[in-house]
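Participant: Can you read through this structure? Questions will come right after.
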Amino acid sequence: MKILYDLVATQPSSNAKVHGGGNYGIIVFFELLRNNCEIECLIDSRKYLRPDISKAIGDNNLPVHDVASTSIEDVLKKGNFDVFYSALVFSHIGVPDNTRFVGTIHGLREIEMPHDREMLKYRMSTYQKIRSLITYSLGRKWKNVLLKRTRKILLNPRFEYVTVSEHTKYSIVSYFPEISPDNILVCYSPSTVSMDDDVELYSESKYIMLVSGNRPEKNALRAVKALDEIFAEFPVLKAEYRVVIAGCKPDSFHYKIKNIGNFEMPGYVDDKTLVSMYKGATIFAYPSLNEGFGYPPLEAMRFGVPVVASPITSIAEVCGDAALYFNPFDYKEIKGRLLRMMLDENVRTEYSKRSLLRFEIIKEKQQKDLQKLVSFIMGK
């Protein structure tokens with residue numbers, strides 16, 4: 001079987017060097033290699049490509065096609081592929097009749113996301129600003145454009161797809177009732193966790209961890225406001241805790257943090273540092289406004305870190321009873337849940353136990369579903 005694999009999906013997006021869909025695509029790529037598939041790769045030479053992927057391409061002598069100099073359609077026409085697979089399908093793609101077009105739909109974020117003015121308080125790239133301006137100025141009209149574009153992808157008779165959660169599956173059915181749920185295969189996103197136990201603690205002191213702080217949809221700013229208020233009102237907690245936010249810097253928000261000495265914002269961190277942050281965290285906070293699956297809580301649960309989180313979209317499905325939930329749009333409620341976890345050691349102990357159990361349950365399902373996904377791509 002000859003597969004054209006879209007590695008562009010694993011490269012940086014417009015607003016993140018590392019993203020869940022990219023990590024997903026990397027894991028599936030290596031699993032297909034382990035299954036001895038004949039693979040050719042699409043890459044974008046203008047973007048960063050992870051060294052382990054570059055090494056795998058070289059070690060396995062995989063042919064590479066660069067979208068910086070040729071189109072996907074041209075590669076497909078000339079390549080006589082059995083399957084074209086993409087972990088992130090963004091648009092309608094013309095695929096020859098002799099090639100299966102297979103992809104993963106992680107979620108319908110652009111359609112599902114509410115108009116949240118809090119997002120304007122994040123420092124954005126020019127692209128993000130333009131997107132936000134379009135979203136707020138056109139409102140329902142823009143949503144109709146997105147619905148039309150997504151319908152064209154999902155109703156493409158040549159496109160076979162899987163989703164990463166029951167939430168995503170039924171969101172698709174909700175917005176596009178002409179699609180039968182019986183025709184949508186759900187495979188949980190494969191585990192991103194390396195079971196290497198040689199991971200140092202990021203810090204011995206107590207800290208609350210957040211991730212992707214610069215991305216408005218991850219909603220870190222409301223948690224920052226809640227924690228800033230806690231530190232102002234509870235001197236004991238200010239002395240006891242600090243906050244570590246991966247993926248953002250102090251200038252990522254249009255908000256002046258009053259207790260800035262309690263906040264550490266190192267910007268982008270490498271994978272090894274990120275894992276050490278998870279391992280050392282006292283509490284993990286995840287106020288995200290939208291997830292197709294949601295890796296970060298599981299990455300914290302691996303180490304038994306108590307989790308406080310938003311319950312919306314797929315998050316409650318993945319975290320089950322192992323997270324203390326809050327309304328992600330209400331920073332006062334976020335504050336209340338954080339106070340409970342920070343002040344009550346018994347609560348932290350209970351949710352630490354729940355985290356470890358939940359991680360094992362989801363990991364087992366992820367392992368089974370990865371094999372199911374590979375079989376689906378290979379047409380077995």
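Every chain in the structure tokens has a letter given in the order shown (A, B, ...), and although residue numbers restart at 1 in each chain, ligands are simply numbered from 1 in the order shown.
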For the contact check between stretch 274-346 of chain A and stretch 217-234 of chain A, emit one row per residue of stretch 274-346 of chain A within 10 Å, containing the shortest atom pair and the distance in Å rounded to one decimal, counting only C-alpha atoms, chain then rising number order, as a tab-separated table.
Facilitator:
```
residue	atom	partner	partner_atom	distance
A:Ala285	CA	A:Ala223	CA	7.8
A:Tyr286	CA	A:Lys218	CA	7.6
A:Pro287	CA	A:Asn219	CA	5.6
A:Ser288	CA	A:Lys218	CA	4.0
A:Leu289	CA	A:Glu217	CA	5.5
A:Asn290	CA	A:Glu217	CA	6.6
A:Glu291	CA	A:Lys218	CA	8.9
A:Ser310	CA	A:Asn219	CA	9.7
A:Pro328	CA	A:Asn219	CA	7.6
A:Phe329	CA	A:Arg222	CA	7.6
A:Asp330	CA	A:Arg222	CA	7.7
A:Tyr331	CA	A:Arg222	CA	5.3
A:Lys332	CA	A:Ala226	CA	6.5
A:Glu333	CA	A:Ala226	CA	8.6
A:Ile334	CA	A:Ala223	CA	6.5
A:Lys335	CA	A:Ala226	CA	4.7
A:Gly336	CA	A:Ala226	CA	8.5
A:Arg337	CA	A:Ala226	CA	9.9
A:Leu338	CA	A:Leu227	CA	7.9
A:Leu339	CA	A:Ile230	CA	7.6
```
Participant: Selected residues, C-alpha atoms, written as a compact mmCIF listing (two decimals), in the first residue's frame, please.
Facilitator:
```txt
# COMPACT_ATOMS: atom_id res chain seq x y z
CA ALA A 285 -5.56 24.54 35.51
CA TYR A 286 -7.19 24.16 32.08
CA PRO A 287 -9.78 26.87 31.35
CA SER A 288 -9.96 26.11 27.60
CA LEU A 289 -13.05 27.28 25.70
CA ASN A 290 -12.92 24.59 23.04
CA GLU A 291 -11.27 21.20 22.51
CA SER A 310 -13.52 23.83 32.01
CA PRO A 328 -14.68 29.06 32.01
CA PHE A 329 -16.43 32.36 31.23
CA ASP A 330 -16.71 33.37 34.90
CA TYR A 331 -13.36 34.23 36.45
CA LYS A 332 -14.97 34.40 39.90
CA GLU A 333 -16.02 30.77 39.60
CA ILE A 334 -12.53 29.87 38.37
CA LYS A 335 -11.22 31.68 41.44
CA GLY A 336 -13.52 29.67 43.73
CA ARG A 337 -12.43 26.30 42.35
CA LEU A 338 -8.77 27.28 42.52
CA LEU A 339 -9.19 28.42 46.12
```
Participant: Could you pull out the residues in stretch 263-374 of chain A that DSSP calls strand (DSSP E or B) from the backbone, as a VMD selection string?
Facilitator: chain A and resid 263 to 267 283 to 286 307 to 309 323 to 325
Participant: Can you tell me, as a list in words, what residues are no more than 9 Å from stretch 270-278 of chain A when counting only C-alpha atoms, ignoring any on the same chain fewer than 6 positions away?
Facilitator: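 So, after excluding close chain neighbours, the residues are Val193, Val199, Glu200, Leu201, Tyr202, Ser203, Met209, Val244, Ala246, Phe284, Pro296, Glu299, Ala300, Met301, Arg302, Phe303 and Val305 of chain A.
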Participant: Could the residues in this selection be saved with all heavy atoms as a short mmCIF file (atom, residue, chain, number, x, y, z; two decimals), in the first residue's frame?
Facilitator:
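Final output, out.cif:
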```cif
data_model
loop_
_atom_site.label_atom_id
_atom_site.label_comp_id
_atom_site.auth_asym_id
_atom_site.auth_seq_id
_atom_site.Cartn_x
_atom_site.Cartn_y
_atom_site.Cartn_z
N VAL A 193 2.06 10.82 25.66
CA VAL A 193 2.90 10.66 26.84
C VAL A 193 4.01 9.65 26.59
O VAL A 193 3.76 8.52 26.19
CB VAL A 193 2.05 10.22 28.05
CG1 VAL A 193 2.94 9.82 29.21
CG2 VAL A 193 1.11 11.35 28.46
N VAL A 199 12.49 11.92 34.50
CA VAL A 199 12.03 13.30 34.33
C VAL A 199 12.24 14.05 35.63
O VAL A 199 11.72 13.65 36.67
CB VAL A 199 10.54 13.35 33.93
CG1 VAL A 199 10.08 14.80 33.76
CG2 VAL A 199 10.28 12.57 32.66
N GLU A 200 12.98 15.12 35.58
CA GLU A 200 13.23 15.90 36.79
C GLU A 200 12.05 16.82 37.08
O GLU A 200 11.33 17.23 36.18
CB GLU A 200 14.50 16.74 36.62
CG GLU A 200 15.78 15.92 36.49
CD GLU A 200 17.01 16.80 36.38
OE1 GLU A 200 16.85 18.05 36.42
OE2 GLU A 200 18.11 16.26 36.26
N LEU A 201 11.86 17.13 38.34
CA LEU A 201 10.85 18.10 38.73
C LEU A 201 11.28 19.48 38.25
O LEU A 201 12.45 19.86 38.39
CB LEU A 201 10.67 18.13 40.25
CG LEU A 201 10.06 16.90 40.91
CD1 LEU A 201 10.04 17.10 42.43
CD2 LEU A 201 8.65 16.66 40.41
N TYR A 202 10.34 20.23 37.72
CA TYR A 202 10.64 21.59 37.28
C TYR A 202 11.01 22.47 38.48
O TYR A 202 11.88 23.32 38.40
CB TYR A 202 9.44 22.17 36.56
CG TYR A 202 9.66 23.54 35.97
CD1 TYR A 202 10.47 23.71 34.86
CD2 TYR A 202 9.05 24.66 36.54
CE1 TYR A 202 10.67 24.97 34.31
CE2 TYR A 202 9.25 25.92 36.00
CZ TYR A 202 10.06 26.06 34.89
OH TYR A 202 10.26 27.31 34.36
N SER A 203 10.33 22.21 39.60
CA SER A 203 10.60 22.97 40.82
C SER A 203 10.10 22.19 42.01
O SER A 203 9.13 21.42 41.91
CB SER A 203 9.89 24.33 40.76
OG SER A 203 10.00 25.01 41.99
N MET A 209 0.03 25.29 37.24
CA MET A 209 0.50 25.30 35.85
C MET A 209 -0.65 25.52 34.88
O MET A 209 -1.74 24.99 35.05
CB MET A 209 1.19 23.97 35.54
CG MET A 209 1.74 23.88 34.13
SD MET A 209 2.48 22.26 33.81
CE MET A 209 2.87 22.43 32.05
N VAL A 244 3.02 29.05 36.85
CA VAL A 244 3.90 28.85 35.70
C VAL A 244 3.01 28.66 34.47
O VAL A 244 2.17 27.75 34.44
CB VAL A 244 4.80 27.61 35.90
CG1 VAL A 244 5.64 27.36 34.65
CG2 VAL A 244 5.71 27.80 37.12
N ALA A 246 3.18 28.03 30.53
CA ALA A 246 3.94 27.72 29.32
C ALA A 246 3.27 28.37 28.12
O ALA A 246 2.05 28.51 28.06
CB ALA A 246 4.02 26.21 29.13
N PHE A 284 -2.96 21.66 38.16
CA PHE A 284 -2.99 22.01 36.75
C PHE A 284 -4.34 22.64 36.42
O PHE A 284 -5.40 22.05 36.72
CB PHE A 284 -2.77 20.78 35.87
CG PHE A 284 -2.79 21.10 34.39
CD1 PHE A 284 -1.72 21.74 33.80
CD2 PHE A 284 -3.88 20.77 33.61
CE1 PHE A 284 -1.73 22.06 32.45
CE2 PHE A 284 -3.90 21.07 32.25
CZ PHE A 284 -2.82 21.72 31.67
N PRO A 296 -3.61 18.27 27.23
CA PRO A 296 -2.89 18.72 28.42
C PRO A 296 -3.37 18.15 29.76
O PRO A 296 -2.53 17.78 30.60
CB PRO A 296 -3.03 20.24 28.37
CG PRO A 296 -3.07 20.53 26.90
CD PRO A 296 -3.92 19.42 26.34
N GLU A 299 -1.82 14.83 30.22
CA GLU A 299 -0.37 14.91 30.42
C GLU A 299 -0.03 15.27 31.86
O GLU A 299 1.00 14.87 32.39
CB GLU A 299 0.22 15.90 29.42
CG GLU A 299 0.13 15.38 27.99
CD GLU A 299 0.45 16.42 26.93
OE1 GLU A 299 0.37 17.62 27.24
OE2 GLU A 299 0.74 16.04 25.79
N ALA A 300 -0.93 16.03 32.52
CA ALA A 300 -0.75 16.32 33.94
C ALA A 300 -1.19 15.14 34.80
O ALA A 300 -0.54 14.81 35.81
CB ALA A 300 -1.55 17.57 34.32
N MET A 301 -2.28 14.48 34.40
CA MET A 301 -2.80 13.35 35.18
C MET A 301 -1.82 12.19 35.23
O MET A 301 -1.84 11.41 36.20
CB MET A 301 -4.14 12.89 34.58
CG MET A 301 -5.29 13.83 34.86
SD MET A 301 -6.83 13.24 34.09
CE MET A 301 -7.95 14.58 34.55
N ARG A 302 -0.99 12.07 34.24
CA ARG A 302 0.02 11.02 34.25
C ARG A 302 0.81 11.04 35.56
O ARG A 302 1.19 10.00 36.11
CB ARG A 302 0.98 11.20 33.08
CG ARG A 302 2.18 10.27 33.16
CD ARG A 302 3.35 10.79 32.34
NE ARG A 302 4.56 10.02 32.64
CZ ARG A 302 5.74 10.23 32.08
NH1 ARG A 302 5.88 11.19 31.21
NH2 ARG A 302 6.77 9.50 32.41
N PHE A 303 1.07 12.22 36.09
CA PHE A 303 1.87 12.38 37.31
C PHE A 303 1.00 12.56 38.56
O PHE A 303 1.50 12.91 39.62
CB PHE A 303 2.80 13.58 37.16
CG PHE A 303 3.79 13.44 36.04
CD1 PHE A 303 3.67 14.19 34.88
CD2 PHE A 303 4.84 12.53 36.14
CE1 PHE A 303 4.58 14.05 33.84
CE2 PHE A 303 5.76 12.39 35.10
CZ PHE A 303 5.63 13.15 33.95
N VAL A 305 -1.28 14.82 39.05
CA VAL A 305 -1.49 16.24 39.38
C VAL A 305 -3.00 16.52 39.43
O VAL A 305 -3.72 16.18 38.49
CB VAL A 305 -0.82 17.15 38.32
CG1 VAL A 305 -1.09 18.62 38.64
CG2 VAL A 305 0.68 16.88 38.26
#
```
Participant: Run DSSP on the backbone and grab whatever in stretch 142-304 of chain A lands in helix (DSSP H, G or I); send it over as a ChimeraX atom specification.
Facilitator: /A:142-154,166-175,181-183,216-218,220-233,235-240,250-252,260-262,271-280,296-301
Participant: I'd like the neighbourhood of A:Ile39 as a list in words, where a residue qualifies if any of its atoms comes within 9 Å (using only C-alpha atoms), though same-chain residues fewer than 2 positions away should be ignored.
Facilitator: Met1, Lys2, Ile3, Leu4, Tyr5, Leu32, Leu33, Asn36, Cys37, Cys41, Leu62 and Pro63 of chain A
Participant: For A:Pro250, find every residue with an atom within 9 Å (counting only C-alpha atoms), except residues of its own chain fewer than 4 positions away, and show them as a list of chain:residue names.
Facilitator: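 The contact residues come out as A:Ile257, A:Ile260, A:Phe263, A:Glu264, A:Met265, A:Pro266, A:Gly267.
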Participant: May I have the selected residues written with N, CA, C and O atoms, as a PDB file, in the first residue's frame?
Facilitator:
```pdb
ATOM      1  N   ILE A 257      -0.734  42.604  35.364  1.00  0.00           N
ATOM      2  CA  ILE A 257      -0.764  41.688  36.500  1.00  0.00           C
ATOM      3  C   ILE A 257      -0.192  42.406  37.721  1.00  0.00           C
ATOM      4  O   ILE A 257       0.943  42.881  37.700  1.00  0.00           O
ATOM      5  N   ILE A 260       2.914  40.387  39.804  1.00  0.00           N
ATOM      6  CA  ILE A 260       3.708  39.807  38.729  1.00  0.00           C
ATOM      7  C   ILE A 260       4.823  38.903  39.249  1.00  0.00           C
ATOM      8  O   ILE A 260       5.236  37.953  38.575  1.00  0.00           O
ATOM      9  N   PHE A 263       4.174  35.193  39.049  1.00  0.00           N
ATOM     10  CA  PHE A 263       3.902  34.592  37.740  1.00  0.00           C
ATOM     11  C   PHE A 263       5.194  34.391  36.959  1.00  0.00           C
ATOM     12  O   PHE A 263       6.000  35.315  36.828  1.00  0.00           O
ATOM     13  N   GLU A 264       5.367  33.191  36.452  1.00  0.00           N
ATOM     14  CA  GLU A 264       6.507  32.865  35.594  1.00  0.00           C
ATOM     15  C   GLU A 264       5.969  32.527  34.214  1.00  0.00           C
ATOM     16  O   GLU A 264       5.181  31.583  34.055  1.00  0.00           O
ATOM     17  N   MET A 265       6.386  33.282  33.198  1.00  0.00           N
ATOM     18  CA  MET A 265       5.889  33.097  31.833  1.00  0.00           C
ATOM     19  C   MET A 265       7.079  32.985  30.888  1.00  0.00           C
ATOM     20  O   MET A 265       7.549  33.984  30.342  1.00  0.00           O
ATOM     21  N   PRO A 266       7.593  31.774  30.684  1.00  0.00           N
ATOM     22  CA  PRO A 266       8.835  31.589  29.936  1.00  0.00           C
ATOM     23  C   PRO A 266       8.678  31.542  28.418  1.00  0.00           C
ATOM     24  O   PRO A 266       9.665  31.369  27.705  1.00  0.00           O
ATOM     25  N   GLY A 267       7.452  31.688  27.908  1.00  0.00           N
ATOM     26  CA  GLY A 267       7.263  31.563  26.465  1.00  0.00           C
ATOM     27  C   GLY A 267       7.290  30.107  26.045  1.00  0.00           C
ATOM     28  O   GLY A 267       6.949  29.208  26.817  1.00  0.00           O
TER      29      GLY A 267
END
```
Participant: Which residues come within 7 Å of stretch 167-183 of chain A, counting only C-alpha atoms, excluding same-chain residues fewer than 2 positions away, as a PyMOL selection string?
Facilitator: chain A and resi 106-107+163-165+185+292+313-314
Participant: Those residues you just picked out, can you put them in a file as a compact mmCIF listing (two decimals), in the first residue's frame with N, CA and C atoms?
Facilitator:
```
# COMPACT_ATOMS: atom_id res chain seq x y z
N HIS A 106 -10.72 16.93 14.03
CA HIS A 106 -10.50 17.06 15.46
C HIS A 106 -11.63 17.80 16.15
N GLY A 107 -12.27 18.70 15.44
CA GLY A 107 -13.35 19.46 16.05
C GLY A 107 -13.84 20.53 15.11
N THR A 163 -13.15 10.91 13.79
CA THR A 163 -13.13 12.00 14.76
C THR A 163 -12.45 11.52 16.03
N VAL A 164 -12.06 12.46 16.89
CA VAL A 164 -11.21 12.13 18.03
C VAL A 164 -11.98 12.04 19.36
N SER A 165 -13.28 12.28 19.33
CA SER A 165 -14.07 12.21 20.56
C SER A 165 -15.54 12.08 20.19
N LEU A 185 -16.61 7.27 12.51
CA LEU A 185 -15.79 6.45 13.39
C LEU A 185 -15.08 7.35 14.40
N GLY A 292 -11.27 19.61 20.69
CA GLY A 292 -11.78 18.43 20.01
C GLY A 292 -11.50 17.19 20.84
N THR A 313 -17.20 21.27 25.71
CA THR A 313 -16.79 20.47 24.54
C THR A 313 -16.31 19.09 25.00
N SER A 314 -15.11 18.66 24.64
CA SER A 314 -14.70 17.28 24.92
C SER A 314 -14.03 17.10 26.28
```
Participant: Leaving out A:Gln11 and any residue of its chain fewer than 2 positions from it, which residues lie within 6 Å of it when counting only C-alpha atoms, given as a PyMOL selection string?
Facilitator: chain A and resi 8-9+49
Participant: Write a file of the selected residues as a PDB file, in the first residue's frame, keeping all heavy atoms.
Facilitator:
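Result went into again30.pdb, see below:
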```pdb
ATOM      1  N   VAL A   8       2.759  18.293   6.637  1.00  0.00           N
ATOM      2  CA  VAL A   8       2.544  19.731   6.848  1.00  0.00           C
ATOM      3  C   VAL A   8       1.661  19.935   8.077  1.00  0.00           C
ATOM      4  O   VAL A   8       1.818  20.900   8.829  1.00  0.00           O
ATOM      5  CB  VAL A   8       1.910  20.381   5.608  1.00  0.00           C
ATOM      6  CG1 VAL A   8       1.667  21.869   5.837  1.00  0.00           C
ATOM      7  CG2 VAL A   8       2.800  20.181   4.383  1.00  0.00           C
ATOM      8  N   ALA A   9       0.764  18.985   8.301  1.00  0.00           N
ATOM      9  CA  ALA A   9      -0.136  19.062   9.453  1.00  0.00           C
ATOM     10  C   ALA A   9       0.608  18.976  10.782  1.00  0.00           C
ATOM     11  O   ALA A   9       0.085  19.383  11.817  1.00  0.00           O
ATOM     12  CB  ALA A   9      -1.184  17.950   9.374  1.00  0.00           C
ATOM     13  N   LEU A  49      10.457  21.618  10.894  1.00  0.00           N
ATOM     14  CA  LEU A  49      10.110  20.199  10.893  1.00  0.00           C
ATOM     15  C   LEU A  49      10.893  19.529  12.009  1.00  0.00           C
ATOM     16  O   LEU A  49      12.114  19.679  12.096  1.00  0.00           O
ATOM     17  CB  LEU A  49      10.456  19.551   9.553  1.00  0.00           C
ATOM     18  CG  LEU A  49      10.013  18.097   9.362  1.00  0.00           C
ATOM     19  CD1 LEU A  49       8.488  18.000   9.314  1.00  0.00           C
ATOM     20  CD2 LEU A  49      10.613  17.509   8.080  1.00  0.00           C
TER      21      LEU A  49
END
```
Participant: Go through A:Ile43, A:Ser189, A:His115, A:Leu76 and flag the residue nearest A:Leu370, using only C-alpha atoms for the distances.
Facilitator: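 With only C-alpha atoms as the atom set, the closest residue is A:Ser189.
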Participant: Find the residue from A:Ile312, A:Ala281, A:Val145, A:Cys248 that sits nearest to A:Pro114; use only C-alpha atoms when measuring.
Facilitator: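 Residue with the minimum atom-to-atom distance to A:Pro114: A:Ile312.
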Participant: Measuring between only C-alpha atoms, which one of A:Ile57, A:Lys78, A:Gln366, A:Glu110 shows the shortest distance to A:Leu146?
Facilitator: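 Looking at the shortest contact to A:Leu146, the residue is A:Glu110.
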Participant: Quick one: of A:Leu155, A:Asn61, A:Arg34, A:Ala87, who's nearest to A:Leu7, counting only C-alpha atoms?
Facilitator: A:Ala87
Participant: Could you tell me how far atom CA of A:Ile26 sits from atom CA of A:Thr104, in Å to one decimal place?
Facilitator: 12.9 Å
